[in-house]
Every structure is written in C-alpha cells, then in structure tokens.
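Source file: run.txt (compact mmCIF, C-alpha atoms)
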```
# COMPACT_ATOMS: atom_id res chain seq x y z
CA LEU H 14 -13.43 1.50 -9.09
CA LEU H 15 -17.14 1.26 -9.86
CA ALA H 16 -18.25 0.27 -6.36
CA PRO H 17 -17.98 3.76 -4.79
CA LEU H 18 -19.87 5.31 -7.70
CA VAL H 19 -22.65 2.73 -7.49
CA MET H 20 -22.83 3.15 -3.71
CA VAL H 21 -23.20 6.93 -3.95
CA ALA H 22 -25.80 6.64 -6.71
CA SER H 23 -27.91 3.74 -5.43
CA GLY H 24 -26.73 2.75 -1.95
CA TRP H 25 -24.49 -0.02 -0.64
CA MET H 26 -27.14 -2.73 -1.05
CA MET H 27 -27.15 -2.19 -4.80
CA VAL H 28 -23.37 -2.74 -4.82
CA ALA H 29 -23.83 -6.14 -3.17
CA LYS H 30 -26.63 -7.11 -5.58
CA LEU H 31 -24.72 -6.11 -8.71
CA TRP H 32 -21.56 -7.88 -7.58
CA ALA H 33 -23.58 -11.00 -6.70
CA VAL H 34 -24.98 -11.06 -10.23
CA GLY H 35 -21.47 -10.59 -11.63
CA LEU H 36 -20.14 -13.49 -9.56
CA ALA H 37 -23.01 -15.73 -10.65
CA VAL H 38 -22.44 -14.94 -14.33
CA THR H 39 -18.70 -15.57 -13.92
CA ALA H 40 -19.36 -18.93 -12.25
CA ILE H 41 -21.69 -20.01 -15.07
CA LEU H 42 -19.20 -18.97 -17.76
CA PHE H 43 -16.41 -20.79 -15.95
CA TYR H 44 -18.49 -23.95 -15.70
CA LEU H 45 -19.45 -23.86 -19.38
CA PHE H 46 -16.14 -22.94 -20.99
CA SER H 47 -13.32 -24.04 -18.68
CA LYS H 48 -11.38 -27.23 -19.40
CA GLU H 49 -9.70 -29.79 -17.19
CA ASP H 50 -5.99 -29.58 -16.47
CA PRO H 51 -4.23 -31.45 -19.34
CA SER H 52 -1.85 -33.17 -16.91
CA LEU H 53 -4.83 -34.43 -14.91
CA GLU H 54 -6.46 -35.84 -18.04
CA ASP H 55 -3.20 -37.54 -19.06
CA ARG H 56 -2.88 -39.09 -15.61
CA ARG H 57 -6.42 -40.42 -15.77
CA ARG H 58 -5.87 -41.94 -19.21
CA SER H 59 -2.60 -43.59 -18.21
CA GLY H 60 -3.98 -44.85 -14.91
CA VAL H 61 -1.23 -43.24 -12.85
CA LYS H 62 -2.26 -42.81 -9.25
CA PRO H 63 -2.10 -39.27 -7.87
CA MET H 64 0.09 -38.44 -4.90
CA SER H 65 -1.47 -39.28 -1.59
CA PHE H 66 -2.58 -36.55 0.76
CA ALA H 67 0.36 -37.30 3.06
CA GLU H 68 2.82 -36.94 0.17
CA GLN H 69 1.28 -33.65 -0.88
CA MET H 70 1.48 -32.30 2.66
CA ALA H 71 5.06 -33.52 3.25
CA PRO H 72 6.70 -30.14 2.44
CA LEU H 73 4.75 -28.53 5.29
CA LYS H 74 7.25 -30.12 7.66
CA ASN H 75 9.84 -27.62 6.42
CA LEU H 76 10.16 -24.35 8.31
CA GLN H 77 10.90 -22.61 5.02
CA VAL H 78 7.33 -23.23 3.83
CA TRP H 79 5.92 -21.49 6.87
CA ARG H 80 8.32 -18.61 6.34
CA PHE H 81 6.93 -18.18 2.84
CA SER H 82 3.46 -18.33 4.37
CA LEU H 83 4.38 -15.56 6.81
CA TYR H 84 5.67 -13.41 3.95
CA TYR H 85 2.42 -13.87 2.06
CA PHE H 86 0.37 -13.29 5.19
CA PHE H 87 1.88 -9.82 5.32
CA VAL H 88 1.96 -8.84 1.64
CA PHE H 89 -1.48 -10.22 0.76
CA GLY H 90 -3.32 -10.30 4.07
CA GLY H 91 -2.02 -6.87 5.02
CA PHE H 92 -2.94 -5.52 1.59
CA VAL H 93 -6.53 -6.77 1.85
CA ALA H 94 -6.85 -5.53 5.43
CA LEU H 95 -5.69 -2.05 4.42
CA ALA H 96 -8.07 -1.97 1.46
CA LEU H 97 -11.02 -2.79 3.74
CA TRP H 98 -9.92 -0.42 6.51
CA LEU H 99 -9.05 2.62 4.39
CA PRO H 100 -12.54 4.04 3.73
CA HIS H 101 -13.51 3.96 7.40
CA TYR H 102 -10.21 5.51 8.47
CA LEU H 103 -10.28 8.27 5.85
CA VAL H 104 -13.81 9.21 6.86
CA GLY H 105 -13.08 9.13 10.59
CA ALA H 106 -9.60 10.65 10.66
CA TYR H 107 -9.74 13.15 7.82
CA GLY H 108 -13.46 13.83 7.47
CA MET H 109 -13.72 12.64 3.86
CA ASP H 110 -17.09 11.84 2.39
CA VAL H 111 -17.81 8.17 1.83
CA GLY H 112 -17.67 8.41 -1.96
CA THR H 113 -14.21 9.99 -2.05
CA ALA H 114 -12.86 7.62 0.59
CA GLY H 115 -14.25 4.64 -1.30
CA MET H 116 -12.73 5.86 -4.55
CA LEU H 117 -9.30 6.22 -2.94
CA ALA H 118 -9.58 2.74 -1.47
CA ALA H 119 -10.55 1.36 -4.87
CA CYS H 120 -7.59 3.09 -6.50
CA TYR H 121 -5.36 1.61 -3.81
CA SER H 122 -6.52 -1.87 -4.80
CA ILE H 123 -5.33 -1.46 -8.40
CA PRO H 124 -1.75 -2.60 -7.57
CA ALA H 125 -3.14 -6.00 -6.56
CA SER H 126 -3.53 -6.88 -10.22
CA LEU H 127 -1.39 -4.44 -12.20
CA PHE H 128 1.81 -4.04 -10.21
CA ARG H 129 1.92 -7.72 -9.33
CA VAL H 130 2.91 -8.25 -12.95
CA VAL H 131 5.81 -5.87 -12.40
CA GLY H 132 6.77 -7.87 -9.32
CA GLY H 133 6.90 -11.05 -11.37
CA TRP H 134 9.02 -9.40 -14.04
CA LEU H 135 11.43 -8.01 -11.43
CA SER H 136 11.62 -11.39 -9.69
CA ASP H 137 12.66 -13.00 -12.97
CA ARG H 138 15.13 -10.23 -13.73
CA ILE H 139 16.86 -9.49 -10.42
CA GLY H 140 15.68 -12.36 -8.23
CA ALA H 141 12.70 -12.89 -5.95
CA ARG H 142 14.83 -12.68 -2.81
CA ARG H 143 15.99 -9.16 -3.64
CA VAL H 144 12.43 -8.08 -4.42
CA MET H 145 11.33 -9.40 -1.02
CA TYR H 146 14.14 -7.47 0.69
CA TRP H 147 12.96 -4.28 -0.98
CA THR H 148 9.33 -5.04 -0.13
CA LEU H 149 9.98 -5.69 3.54
CA GLY H 150 12.41 -2.77 3.90
CA VAL H 151 10.10 -0.19 2.35
CA SER H 152 7.14 -1.63 4.27
CA VAL H 153 8.96 -1.16 7.58
CA ILE H 154 9.61 2.50 6.77
CA CYS H 155 6.06 3.20 5.56
CA THR H 156 4.32 1.42 8.42
CA PHE H 157 6.53 3.15 11.00
CA ILE H 158 5.59 6.58 9.64
CA LEU H 159 1.92 5.63 9.31
CA ALA H 160 1.85 4.31 12.87
CA TYR H 161 3.25 7.52 14.31
CA PRO H 162 0.41 9.33 16.12
CA ASP H 163 -0.51 12.98 15.93
CA THR H 164 2.03 14.32 18.44
CA ARG H 165 2.91 17.63 20.06
CA TYR H 166 6.28 18.13 21.77
CA ILE H 167 7.08 20.91 24.19
CA VAL H 168 10.75 21.61 24.83
CA LYS H 169 11.77 23.96 27.62
CA GLY H 170 14.39 26.26 26.15
CA ILE H 171 16.41 29.11 27.63
CA HIS H 172 13.94 31.70 26.38
CA GLY H 173 10.80 29.71 27.09
CA GLU H 174 8.95 26.72 25.79
CA ILE H 175 9.34 25.58 22.18
CA SER H 176 6.44 23.61 20.72
CA PHE H 177 6.68 21.06 17.90
CA HIS H 178 3.70 19.46 16.21
CA LEU H 179 4.01 16.31 14.10
CA ALA H 180 1.05 15.03 12.11
CA ILE H 181 0.52 13.19 8.84
CA SER H 182 -1.52 15.16 6.33
CA VAL H 183 -4.07 13.38 4.17
CA THR H 184 -1.80 13.86 1.14
CA LEU H 185 1.22 12.29 2.83
CA PHE H 186 -0.96 9.52 4.25
CA THR H 187 -2.32 8.71 0.78
CA VAL H 188 1.15 8.70 -0.78
CA LEU H 189 2.56 6.41 1.93
CA VAL H 190 -0.34 3.97 1.66
CA PHE H 191 -0.02 3.80 -2.12
CA VAL H 192 3.74 3.24 -1.89
CA LEU H 193 3.11 0.51 0.67
CA GLY H 194 0.49 -1.09 -1.59
CA PHE H 195 2.84 -0.98 -4.56
CA PHE H 196 5.63 -2.79 -2.74
CA MET H 197 3.19 -5.28 -1.23
CA SER H 198 2.12 -6.15 -4.77
CA LEU H 199 5.74 -6.72 -5.76
CA GLY H 200 6.13 -8.94 -2.71
CA LYS H 201 3.12 -11.08 -3.60
CA ALA H 202 4.70 -11.97 -6.92
CA ALA H 203 8.08 -12.57 -5.31
CA VAL H 204 6.66 -15.07 -2.82
CA TYR H 205 5.05 -17.12 -5.57
CA LYS H 206 8.24 -16.98 -7.60
CA HIS H 207 9.97 -18.88 -4.79
CA ILE H 208 7.48 -21.75 -4.61
CA PRO H 209 8.03 -23.51 -7.98
CA VAL H 210 11.78 -23.05 -7.57
CA TYR H 211 11.99 -24.78 -4.18
CA TYR H 212 8.94 -27.07 -4.44
CA PRO H 213 8.25 -27.78 -8.13
CA GLN H 214 6.26 -30.94 -7.35
CA HIS H 215 4.21 -29.40 -4.56
CA VAL H 216 3.18 -25.99 -5.89
CA GLY H 217 -0.46 -26.59 -4.99
CA SER H 218 0.00 -27.57 -1.35
CA VAL H 219 2.76 -25.07 -0.60
CA GLY H 220 1.02 -22.27 -2.47
CA GLY H 221 -2.22 -23.07 -0.68
CA VAL H 222 -0.61 -22.54 2.70
```
How would this structure read if it were set down as structure tokens?
Amino acid sequence: LLAPLVMVASGWMMVAKLWAVGLAVTAILFYLFSKEDPSLEDRRRSGVKPMSFAEQMAPLKNLQVWRFSLYYFFVFGGFVALALWLPHYLVGAYGMDVGTAGMLAACYSIPASLFRVVGGWLSDRIGARRVMYWTLGVSVICTFILAYPDTRYIVKGIHGEISFHLAISVTLFTVLVFVLGFFMSLGKAAVYKHIPVYYPQHVGSVGGV
C-alpha cells in the first residue's frame, strides 16, 4: 500500500531503494534470530541419514502432483501476473493516473495474505476440494467477463437498425478483479491443504513444485 504513495512523492527509484533496504534489514534479522528446524537438529544428533534426492523427488512421478502444480500455477502465478499488470492496464484502458492505479493494484494484493487465511479455515471446515471447485468456477466466470472486449452489435430490425453496446466500466472491472483475487487467495490455501494430506513425507518437494 505504501509503494504508490512513495512513488508519487519521490519517484519509482526511491521505491526500489527503500524496499531494498527493507529486504536487507529483514535478511539480517532472519540470520540473527532464526533457529534451525528442530527435526533437522534431532536427525543430526541421532545420526539418521536424510532421504536421498531421488527419494525426495519420487512423488513427482505421480500425475496428481503436477495437477496440484497446475492449480497453483493459476491461483498464485495468475494472481501475481494480475497484480503486476493492473497498473499499466488501468492507466492505458481507463486513463487513471499512476498513483490511483498503483493504489488499486496494491489493494488488490491484500488478499494474498489476508484472505488466504480464510481459505485455510474453509479448507479445514468444508474440505479443500470443495474450495478449489468454488475457486475455479468463479474464476472461469470472472475471467470470461473480463476477457470480453468492448463490443458494439448492430441488429437489422423491421423498423431499422438496433445498436447494442457492451463495455466493462472501471467500477465493474475493479469489482470483478477483486472477486477474482479473493477466490484465487482461497485457492492458494486449498492447494497447500492437499499436499500434507496426500504426501505427508514429501511436503517440501511436492510443495516446491
């Protein structure tokens, strides 16, 4: 949310500099105060050998893993792509100023962290599969409407031509994108709910894909 304000006040280069400082501080704090995984420390003390790379990658032979990957490619990759694309589109298609477009894009990104929690809660309560069905179903509807171009129809009637004009207003566009982002956030949690259920010993390798 702060990036558009900083950009308007001091330019986009200042945004990059401030965020670089923030990342550096975060990395230092993580290095100083983070601890090793307790299970890893126990394994080292007991001398148990970790799984080999081949054993860790074994689940990737299953088509189901790649299906989960495809789900996440859409709900996460699509979400990030939309967040990056929104400011440029809002400026070009609707004539918004950069600050307003950036603020809307930043507000769109909020579901990535907040509503993902809701997705996890719903996945526990009603099942991750059902949440994914809702995510994919609503996404199909929203993306179909968003993909529909500004169109004018002319129908030749008995008493002359009848003209129809279909276009998505900036308000409707914003609502549809936010609804899409909300359900994508639910879907991200639902995908990761599946992984420990089906692959409890390979969460790292399957989740990494």
Residue among H:Val190, H:Ala96, H:Val130, H:Leu76 lying closest to Ile158 in chain H, counting all atoms listed in the file: H:Val190
Using all atoms listed in the file, what does the table of range 68-103 of chain H residues within 7 Å of range 215-221 of chain H look like, with each row giving the shortest atom pair and its distance in Å to one decimal, sorted by chain and ascending number, as JSON lines?
```
{"residue": "H:Gln69", "atom": "CA", "partner": "H:Ser218", "partner_atom": "CA", "distance": 6.2}
{"residue": "H:Met70", "atom": "CA", "partner": "H:Ser218", "partner_atom": "CA", "distance": 6.4}
{"residue": "H:Val78", "atom": "CA", "partner": "H:Val219", "partner_atom": "CA", "distance": 6.6}
```
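Straight-line separation from CA of Gly194 in chain H to CA of Val210 in chain H: 25.4 Å.
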12 Å contact set for Arg143 in chain H, all atoms listed in the file, chain neighbours under 6 positions out, as a list in words: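 Once the adjacent positions are removed, what remains is Gly132, Leu135, Ser136, Asp137, Leu149, Gly150, Leu199, Gly200, Ala203, Val204, Lys206 and His207 of chain H.
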Sorted by chain and rising residue number, list the residues of range 72-139 of chain H at most 9 Å from range 180-184 of chain H (counting all atoms listed in the file), each with its closest atom pair and distance in Å to one decimal, as a Markdown table.
```
| residue | atom | partner | partner_atom | distance |
| --- | --- | --- | --- | --- |
| H:Leu103 | CA | H:Val183 | CA | 8.2 |
| H:Ala106 | CA | H:Val183 | CA | 9.0 |
| H:Tyr107 | CA | H:Val183 | CA | 6.7 |
```
Computed interatomic separation between CA of Gln77 in chain H and CA of Ile208 in chain H (Å):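 Computing the Euclidean distance for CA of Gln77 in chain H and CA of Ile208 in chain H yields 10.3 Å.
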Closest of H:Ser122, H:Thr164, H:Thr187, H:Ser198 to Trp147 in chain H - atom-to-atom distances counting all atoms listed in the file: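 Nearest candidate to Trp147 in chain H out of H:Ser122, H:Thr164, H:Thr187, H:Ser198: H:Ser198.
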Nearest to Val93 in chain H by atom-to-atom distance, counting only C-alpha atoms, from H:Lys201, H:Val19, H:Lys74, H:Asp55: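 Between H:Lys201, H:Val19, H:Lys74, H:Asp55, the residue approaching Val93 in chain H most closely is H:Lys201.
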Between CA of Phe186 in chain H and CA of Thr156 in chain H, distance in Å (one decimal): 10.5 Å
Among listed residues H:Gly173, H:Leu193, H:Asp110, H:Ser126, nearest Ser152 in chain H (using all atoms listed in the file):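 Once distances to Ser152 in chain H are computed over all atoms listed in the file, the minimum belongs to H:Leu193.
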Distance criterion (only C-alpha atoms): nearest to Ala141 in chain H out of H:Asp50, H:Phe81, H:Gly60, H:Ala67: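 Distance minimum relative to Ala141 in chain H lands on H:Phe81.
The residue that comes closest to Val144 in chain H, out of H:Ile171, H:Ala202, H:Val188, H:Leu31 and on the basis of all atoms listed in the file, is H:Ala202.
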Shell around Tyr121 in chain H at 10 Å using only C-alpha atoms, local window under 2 positions removed, as a list in words: Leu14, Phe92, Leu95, Ala96, Leu99, Gly115, Met116, Leu117, Ala118, Ala119, Ile123, Pro124, Ala125, Thr187, Val190, Phe191, Val192, Leu193, Gly194 and Phe195 of chain H
